[in-house]
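All remarks here apply to the structure that follows.
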Amino acid sequence: METIAVYWEPQIRIYGVTTVIGLSLYTVMFPAGELASRGELIASLGQAGVTFELVTLQPLPAGEMRLSLVLAPDDDRDRQVSRLLESGTGAGPGSWRRQAPVEMVYLHGPHFQDRYGIAEAAIAPVLAASIPLLASGCSGTSIHLVVPADCAARTVDCLGQTFVIDSRPAAGRNNG
Amino acid sequence: MNVGGIKFSPELVQYTCRQVATADNSLPAVLRQMAGRRINLTYFCSDRDGDLLRSTFCVAAAAALEVDALLAAVEPGDGIAVAQPWADRVQRIAGIGTLTIFPHRHSPTLLGRVVAALAGAGIAVHGLCTSISALSVNIDYLLLDGAVAVLAAVIDLPEHHSPFRPEFAVTQIKRPVSGIF
């Protein structure tokens with residue numbers, strides 16, 4: 001059975017844009033075969049009271065992977081995370097690094113996952129403005145853009161070119 | 001650990017590509033062309049190799065041939081020489097399924113246990129990305145059901161969970177001509 005519903009908007013409408021500043025971005029490279037032990041290491045961060053803002057994992061050539069973790073600001077916690085990453089299996093010098101402070105802009109909208117053109121609308125204007133996109137995630141109903149310090153405001157301006165920001169709260173349950 | 005639920009994607013193809021130079025503008029070109037052809041990206045994430053952007057995205061398996069052709073045709077930009085054909089520059093993994101777990105509650109414990117359990121069971125994790133409340137993990141499409149069985153050891157699902165697989169598909173079709181409504 002097919003149901004056709006008609007909805008049209010001249011510009012993509014979103015439910016709001018949020019900016020978070022003073023974050024830490026950790027990137028960790030490791031062989032894909034170490035993923036299980038890395039998972040246990042990540043779990044131990046949670047037991048140490050760490051929470052994340054964004055996590056991505058991408059495959060690299062030659063059977064390696066790179067994990068990017070964006071964490072809330074907390075000096076003590078940063079030291080804890082650094083210690084844990086250093087103590088991780090096979091985590092030699094250069095296998096991880098921390099960039100701080102970084103800023104994150106995130107936005108969410110209706111059914112991003114079911115609609116074409118959303119990633120282009122979010123990513124292309126930021127790249128066109130030569131804002132270094134340090135990390136990003138676009139899945140479910142939200143988009144996260146991580147940029148260097150003092151770049152979030154410009155990023156929000158860029159998003160204003162392609163999105164209409166609606167301040168009404170999202171209705172219903174949010175499954176991400 | 002209690003979670004609200006799990007859902008599966010349809011079968012997807014995952015692409016990972018990296019800029020070949022800082023002036024390489026092939027990513028926005030590919031995104032623009034995919035949007036122009038109404039190809040939906042169900043998953044996108046990026047990070048950096050130094051100054052170069054590396055991005056991973058997924059499209060429905062039915063759209064993959066069209067995306068292959070787009071990637072083969074795209075040029076990185078004026079004056080940027082590319083020695084390798086696109087197939088050598090882009091990691092393409094067919095038969096991907098995204099397993100989405102929600103909510104993640106910003107918890108590295110949940111994330112780490114999920115990753116460790118899947119990898120420990122020999123289920124390759126091809127990528128993952130978090131959204132505002134969900135954790136999306138890309139694995140082999142044919143292993144989605146097996147992955148849920150593995151994850152039963154680390155997460156608790158609600159008693160009356162809805163089906164993992166989508167019961168309907170949403171497709172955005174051609175934009176109507178302005179002025180009709």
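Residue names in the structure tokens use chain letters A, B, ... in the order shown, residue numbers from 1 in each chain, and ligand numbers from 1 in the order shown.
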
- Would you give me, as a PyMOL selection string, the residues of chain A that come within 6 Å of chain B, using only C-alpha atoms? chain A and resi 36+39-40+42-43+46+51-52+54-58+113+115-117+120+124+134-139+142+176

Please save N, CA and C atoms of the selected residues as a PDB file, in the first residue's frame.
ATOM      1  N   ALA A  36      37.576  -4.199  19.795  1.00  0.00           N
ATOM      2  CA  ALA A  36      36.961  -4.706  21.023  1.00  0.00           C
ATOM      3  C   ALA A  36      37.632  -4.092  22.254  1.00  0.00           C
ATOM      4  N   GLY A  39      36.719  -0.532  22.580  1.00  0.00           N
ATOM      5  CA  GLY A  39      35.367  -0.399  23.115  1.00  0.00           C
ATOM      6  C   GLY A  39      35.373  -0.450  24.634  1.00  0.00           C
ATOM      7  N   GLU A  40      36.165  -1.361  25.162  1.00  0.00           N
ATOM      8  CA  GLU A  40      36.249  -1.468  26.626  1.00  0.00           C
ATOM      9  C   GLU A  40      36.869  -0.201  27.230  1.00  0.00           C
ATOM     10  N   ILE A  42      36.614   2.801  25.916  1.00  0.00           N
ATOM     11  CA  ILE A  42      35.574   3.839  25.845  1.00  0.00           C
ATOM     12  C   ILE A  42      34.588   3.654  27.002  1.00  0.00           C
ATOM     13  N   ALA A  43      34.219   2.403  27.245  1.00  0.00           N
ATOM     14  CA  ALA A  43      33.276   2.130  28.344  1.00  0.00           C
ATOM     15  C   ALA A  43      33.850   2.610  29.672  1.00  0.00           C
ATOM     16  N   GLY A  46      33.142   6.164  30.523  1.00  0.00           N
ATOM     17  CA  GLY A  46      31.827   6.379  31.126  1.00  0.00           C
ATOM     18  C   GLY A  46      31.858   6.107  32.616  1.00  0.00           C
ATOM     19  N   THR A  51      31.008  12.184  29.801  1.00  0.00           N
ATOM     20  CA  THR A  51      29.894  12.091  28.852  1.00  0.00           C
ATOM     21  C   THR A  51      30.362  12.670  27.523  1.00  0.00           C
ATOM     22  N   PHE A  52      29.760  12.230  26.429  1.00  0.00           N
ATOM     23  CA  PHE A  52      30.192  12.724  25.116  1.00  0.00           C
ATOM     24  C   PHE A  52      29.128  13.624  24.498  1.00  0.00           C
ATOM     25  N   LEU A  54      29.556  14.156  20.904  1.00  0.00           N
ATOM     26  CA  LEU A  54      29.501  13.561  19.558  1.00  0.00           C
ATOM     27  C   LEU A  54      30.593  12.505  19.473  1.00  0.00           C
ATOM     28  N   VAL A  55      30.281  11.417  18.809  1.00  0.00           N
ATOM     29  CA  VAL A  55      31.282  10.381  18.548  1.00  0.00           C
ATOM     30  C   VAL A  55      31.134   9.943  17.092  1.00  0.00           C
ATOM     31  N   THR A  56      32.246   9.834  16.388  1.00  0.00           N
ATOM     32  CA  THR A  56      32.224   9.237  15.051  1.00  0.00           C
ATOM     33  C   THR A  56      33.359   8.219  14.965  1.00  0.00           C
ATOM     34  N   LEU A  57      33.148   7.226  14.127  1.00  0.00           N
ATOM     35  CA  LEU A  57      34.181   6.225  13.861  1.00  0.00           C
ATOM     36  C   LEU A  57      34.208   6.008  12.353  1.00  0.00           C
ATOM     37  N   GLN A  58      35.388   6.193  11.763  1.00  0.00           N
ATOM     38  CA  GLN A  58      35.496   6.036  10.309  1.00  0.00           C
ATOM     39  C   GLN A  58      36.585   5.027   9.972  1.00  0.00           C
ATOM     40  N   GLN A 113      16.560  12.159   8.199  1.00  0.00           N
ATOM     41  CA  GLN A 113      17.072  10.907   7.639  1.00  0.00           C
ATOM     42  C   GLN A 113      16.296  10.465   6.393  1.00  0.00           C
ATOM     43  N   ARG A 115      15.089  12.512   4.117  1.00  0.00           N
ATOM     44  CA  ARG A 115      15.025  13.575   3.111  1.00  0.00           C
ATOM     45  C   ARG A 115      16.378  13.775   2.446  1.00  0.00           C
ATOM     46  N   TYR A 116      16.351  13.925   1.141  1.00  0.00           N
ATOM     47  CA  TYR A 116      17.603  14.184   0.437  1.00  0.00           C
ATOM     48  C   TYR A 116      18.000  15.655   0.608  1.00  0.00           C
ATOM     49  N   GLY A 117      19.258  15.937   0.417  1.00  0.00           N
ATOM     50  CA  GLY A 117      19.725  17.316   0.391  1.00  0.00           C
ATOM     51  C   GLY A 117      20.056  17.928   1.740  1.00  0.00           C
ATOM     52  N   GLU A 120      23.940  18.178   2.311  1.00  0.00           N
ATOM     53  CA  GLU A 120      24.483  19.219   1.423  1.00  0.00           C
ATOM     54  C   GLU A 120      24.154  20.601   1.983  1.00  0.00           C
ATOM     55  N   ALA A 124      27.862  22.063   2.795  1.00  0.00           N
ATOM     56  CA  ALA A 124      28.405  22.863   1.681  1.00  0.00           C
ATOM     57  C   ALA A 124      28.617  24.338   2.051  1.00  0.00           C
ATOM     58  N   LEU A 134      36.059  20.338  11.567  1.00  0.00           N
ATOM     59  CA  LEU A 134      36.930  19.389  12.263  1.00  0.00           C
ATOM     60  C   LEU A 134      36.291  18.010  12.346  1.00  0.00           C
ATOM     61  N   ALA A 135      34.985  18.006  12.514  1.00  0.00           N
ATOM     62  CA  ALA A 135      34.245  16.743  12.572  1.00  0.00           C
ATOM     63  C   ALA A 135      32.783  17.069  12.343  1.00  0.00           C
ATOM     64  N   SER A 136      32.039  16.078  11.907  1.00  0.00           N
ATOM     65  CA  SER A 136      30.603  16.290  11.751  1.00  0.00           C
ATOM     66  C   SER A 136      29.893  14.959  11.853  1.00  0.00           C
ATOM     67  N   GLY A 137      28.623  15.039  12.163  1.00  0.00           N
ATOM     68  CA  GLY A 137      27.787  13.850  12.210  1.00  0.00           C
ATOM     69  C   GLY A 137      26.390  14.224  11.781  1.00  0.00           C
ATOM     70  N   CYS A 138      25.839  13.424  10.894  1.00  0.00           N
ATOM     71  CA  CYS A 138      24.489  13.704  10.394  1.00  0.00           C
ATOM     72  C   CYS A 138      23.773  12.373  10.287  1.00  0.00           C
ATOM     73  N   SER A 139      23.007  12.047  11.315  1.00  0.00           N
ATOM     74  CA  SER A 139      22.221  10.822  11.286  1.00  0.00           C
ATOM     75  C   SER A 139      20.965  11.087  12.096  1.00  0.00           C
ATOM     76  N   SER A 142      19.347  14.824  13.517  1.00  0.00           N
ATOM     77  CA  SER A 142      20.199  15.939  13.929  1.00  0.00           C
ATOM     78  C   SER A 142      21.492  16.000  13.123  1.00  0.00           C
ATOM     79  N   GLY A 176      16.301  10.436  17.832  1.00  0.00           N
ATOM     80  CA  GLY A 176      17.588  10.813  17.278  1.00  0.00           C
ATOM     81  C   GLY A 176      17.527  11.012  15.793  1.00  0.00           C
TER      82      GLY A 176
END

Students should find that atom CA of A:Val126 and atom CA of A:Glu64 are spaced 28.1 Å

Exercise for review: Write down as a VMD selection string the residues belonging to chain B that are assigned helix (DSSP H, G or I) by DSSP computed on the backbone.
Suggested key: chain B and resid 26 to 36 61 to 73 86 to 89 108 to 120 141 to 151

Output C-alpha atoms of each residue in that selection to a file, as a compact mmCIF listing (two decimals), in the first residue's frame.
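Generated output (out_36.txt):
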# COMPACT_ATOMS: atom_id res chain seq x y z
CA SER B 26 34.73 17.31 -4.72
CA LEU B 27 32.78 16.61 -1.51
CA PRO B 28 30.40 19.58 -1.82
CA ALA B 29 30.14 18.81 -5.56
CA VAL B 30 29.14 15.21 -4.87
CA LEU B 31 26.70 16.24 -2.14
CA ARG B 32 25.13 18.80 -4.47
CA GLN B 33 24.77 16.30 -7.28
CA MET B 34 23.28 13.67 -5.00
CA ALA B 35 20.77 16.21 -3.70
CA GLY B 36 19.97 17.20 -7.28
CA ALA B 61 21.67 0.07 -2.18
CA ALA B 62 19.37 0.91 -5.09
CA ALA B 63 21.07 4.31 -5.49
CA ALA B 64 24.64 3.02 -5.37
CA LEU B 65 25.24 2.66 -9.12
CA GLU B 66 24.19 6.26 -9.59
CA VAL B 67 26.55 7.37 -6.80
CA ASP B 68 29.38 5.30 -8.31
CA ALA B 69 28.90 7.18 -11.57
CA LEU B 70 28.87 10.54 -9.78
CA LEU B 71 32.09 9.74 -7.93
CA ALA B 72 33.75 8.55 -11.13
CA ALA B 73 32.88 11.80 -12.89
CA TRP B 86 38.01 6.99 -7.87
CA ALA B 87 37.68 3.32 -6.99
CA ASP B 88 41.18 3.46 -5.46
CA ARG B 89 40.51 6.70 -3.60
CA PRO B 108 30.52 6.20 26.74
CA THR B 109 29.67 3.12 28.79
CA LEU B 110 26.81 2.15 26.46
CA LEU B 111 28.80 3.08 23.37
CA GLY B 112 31.90 1.19 24.48
CA ARG B 113 30.03 -1.92 25.54
CA VAL B 114 28.12 -2.05 22.26
CA VAL B 115 31.30 -1.69 20.22
CA ALA B 116 33.22 -4.19 22.35
CA ALA B 117 30.40 -6.74 22.22
CA LEU B 118 30.01 -6.53 18.44
CA ALA B 119 33.74 -6.61 17.73
CA GLY B 120 34.25 -9.37 20.29
CA TYR B 141 23.37 -5.93 6.64
CA LEU B 142 23.06 -9.69 6.89
CA LEU B 143 24.34 -9.60 10.48
CA LEU B 144 21.77 -7.17 11.89
CA ASP B 145 19.67 -9.87 13.55
CA GLY B 146 22.78 -11.61 14.88
CA ALA B 147 24.01 -8.30 16.28
CA VAL B 148 20.83 -7.86 18.32
CA ALA B 149 21.36 -11.33 19.77
CA VAL B 150 24.92 -10.35 20.73
CA LEU B 151 23.82 -7.04 22.21

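Here atom CA of A:Pro61 is placed at a distance of 12.6 Å from atom CA of B:Ile93.
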
Could you name the residues that touch A:Pro73 at 12 Å or less, counting only C-alpha atoms, but leaving out those on the same chain fewer than 4 positions away, as an mmCIF file with N, CA and C atoms, in the first residue's frame?
data_model
loop_
_atom_site.group_PDB
_atom_site.id
_atom_site.type_symbol
_atom_site.label_atom_id
_atom_site.label_comp_id
_atom_site.auth_asym_id
_atom_site.auth_seq_id
_atom_site.Cartn_x
_atom_site.Cartn_y
_atom_site.Cartn_z
ATOM 1 N N VAL A 20 27.660 25.098 21.331
ATOM 2 C CA VAL A 20 28.368 24.728 22.565
ATOM 3 C C VAL A 20 29.841 25.083 22.369
ATOM 4 N N ILE A 21 30.399 25.803 23.308
ATOM 5 C CA ILE A 21 31.796 26.208 23.153
ATOM 6 C C ILE A 21 32.662 25.551 24.240
ATOM 7 N N GLY A 22 33.959 25.672 24.052
ATOM 8 C CA GLY A 22 34.892 25.158 25.062
ATOM 9 C C GLY A 22 34.968 23.658 25.142
ATOM 10 N N LEU A 23 34.742 22.970 24.041
ATOM 11 C CA LEU A 23 34.771 21.506 24.045
ATOM 12 C C LEU A 23 36.171 20.978 23.722
ATOM 13 N N SER A 24 36.361 19.704 23.964
ATOM 14 C CA SER A 24 37.615 19.029 23.587
ATOM 15 C C SER A 24 37.308 17.988 22.526
ATOM 16 N N LEU A 25 38.141 17.958 21.491
ATOM 17 C CA LEU A 25 38.009 16.950 20.440
ATOM 18 C C LEU A 25 39.206 16.008 20.521
ATOM 19 N N VAL A 50 32.720 10.485 32.417
ATOM 20 C CA VAL A 50 32.785 11.279 31.184
ATOM 21 C C VAL A 50 31.481 11.115 30.403
ATOM 22 N N THR A 51 31.008 12.184 29.801
ATOM 23 C CA THR A 51 29.894 12.091 28.852
ATOM 24 C C THR A 51 30.362 12.670 27.523
ATOM 25 N N PHE A 52 29.760 12.230 26.429
ATOM 26 C CA PHE A 52 30.192 12.724 25.116
ATOM 27 C C PHE A 52 29.128 13.624 24.498
ATOM 28 N N GLU A 53 29.592 14.485 23.612
ATOM 29 C CA GLU A 53 28.687 15.319 22.828
ATOM 30 C C GLU A 53 28.490 14.737 21.429
ATOM 31 N N ARG A 77 38.618 16.130 33.916
ATOM 32 C CA ARG A 77 38.170 15.044 33.067
ATOM 33 C C ARG A 77 39.100 14.880 31.860
ATOM 34 N N ASP A 78 39.545 16.009 31.313
ATOM 35 C CA ASP A 78 40.461 15.939 30.177
ATOM 36 C C ASP A 78 41.728 15.193 30.564
ATOM 37 N N ARG A 79 42.228 15.478 31.759
ATOM 38 C CA ARG A 79 43.439 14.775 32.206
ATOM 39 C C ARG A 79 43.158 13.275 32.338
ATOM 40 N N VAL A 81 40.866 11.528 30.728
ATOM 41 C CA VAL A 81 40.709 10.938 29.396
ATOM 42 C C VAL A 81 42.082 10.728 28.764
ATOM 43 N N GLN A 99 42.417 18.286 20.626
ATOM 44 C CA GLN A 99 42.351 19.663 20.166
ATOM 45 C C GLN A 99 41.329 20.389 21.037
ATOM 46 N N ALA A 100 41.754 21.473 21.647
ATOM 47 C CA ALA A 100 40.854 22.215 22.538
ATOM 48 C C ALA A 100 41.333 23.668 22.635
ATOM 49 N N PRO A 101 40.426 24.600 22.748
ATOM 50 C CA PRO A 101 38.979 24.389 22.724
ATOM 51 C C PRO A 101 38.463 24.325 21.293
ATOM 52 N N VAL A 102 37.384 23.568 21.122
ATOM 53 C CA VAL A 102 36.661 23.579 19.858
ATOM 54 C C VAL A 102 35.207 23.933 20.156
ATOM 55 N N GLU A 103 34.483 24.224 19.122
ATOM 56 C CA GLU A 103 33.075 24.603 19.291
ATOM 57 C C GLU A 103 32.194 23.687 18.446
ATOM 58 N N MET A 104 30.963 23.539 18.873
ATOM 59 C CA MET A 104 30.049 22.656 18.137
ATOM 60 C C MET A 104 28.717 23.364 17.917
#
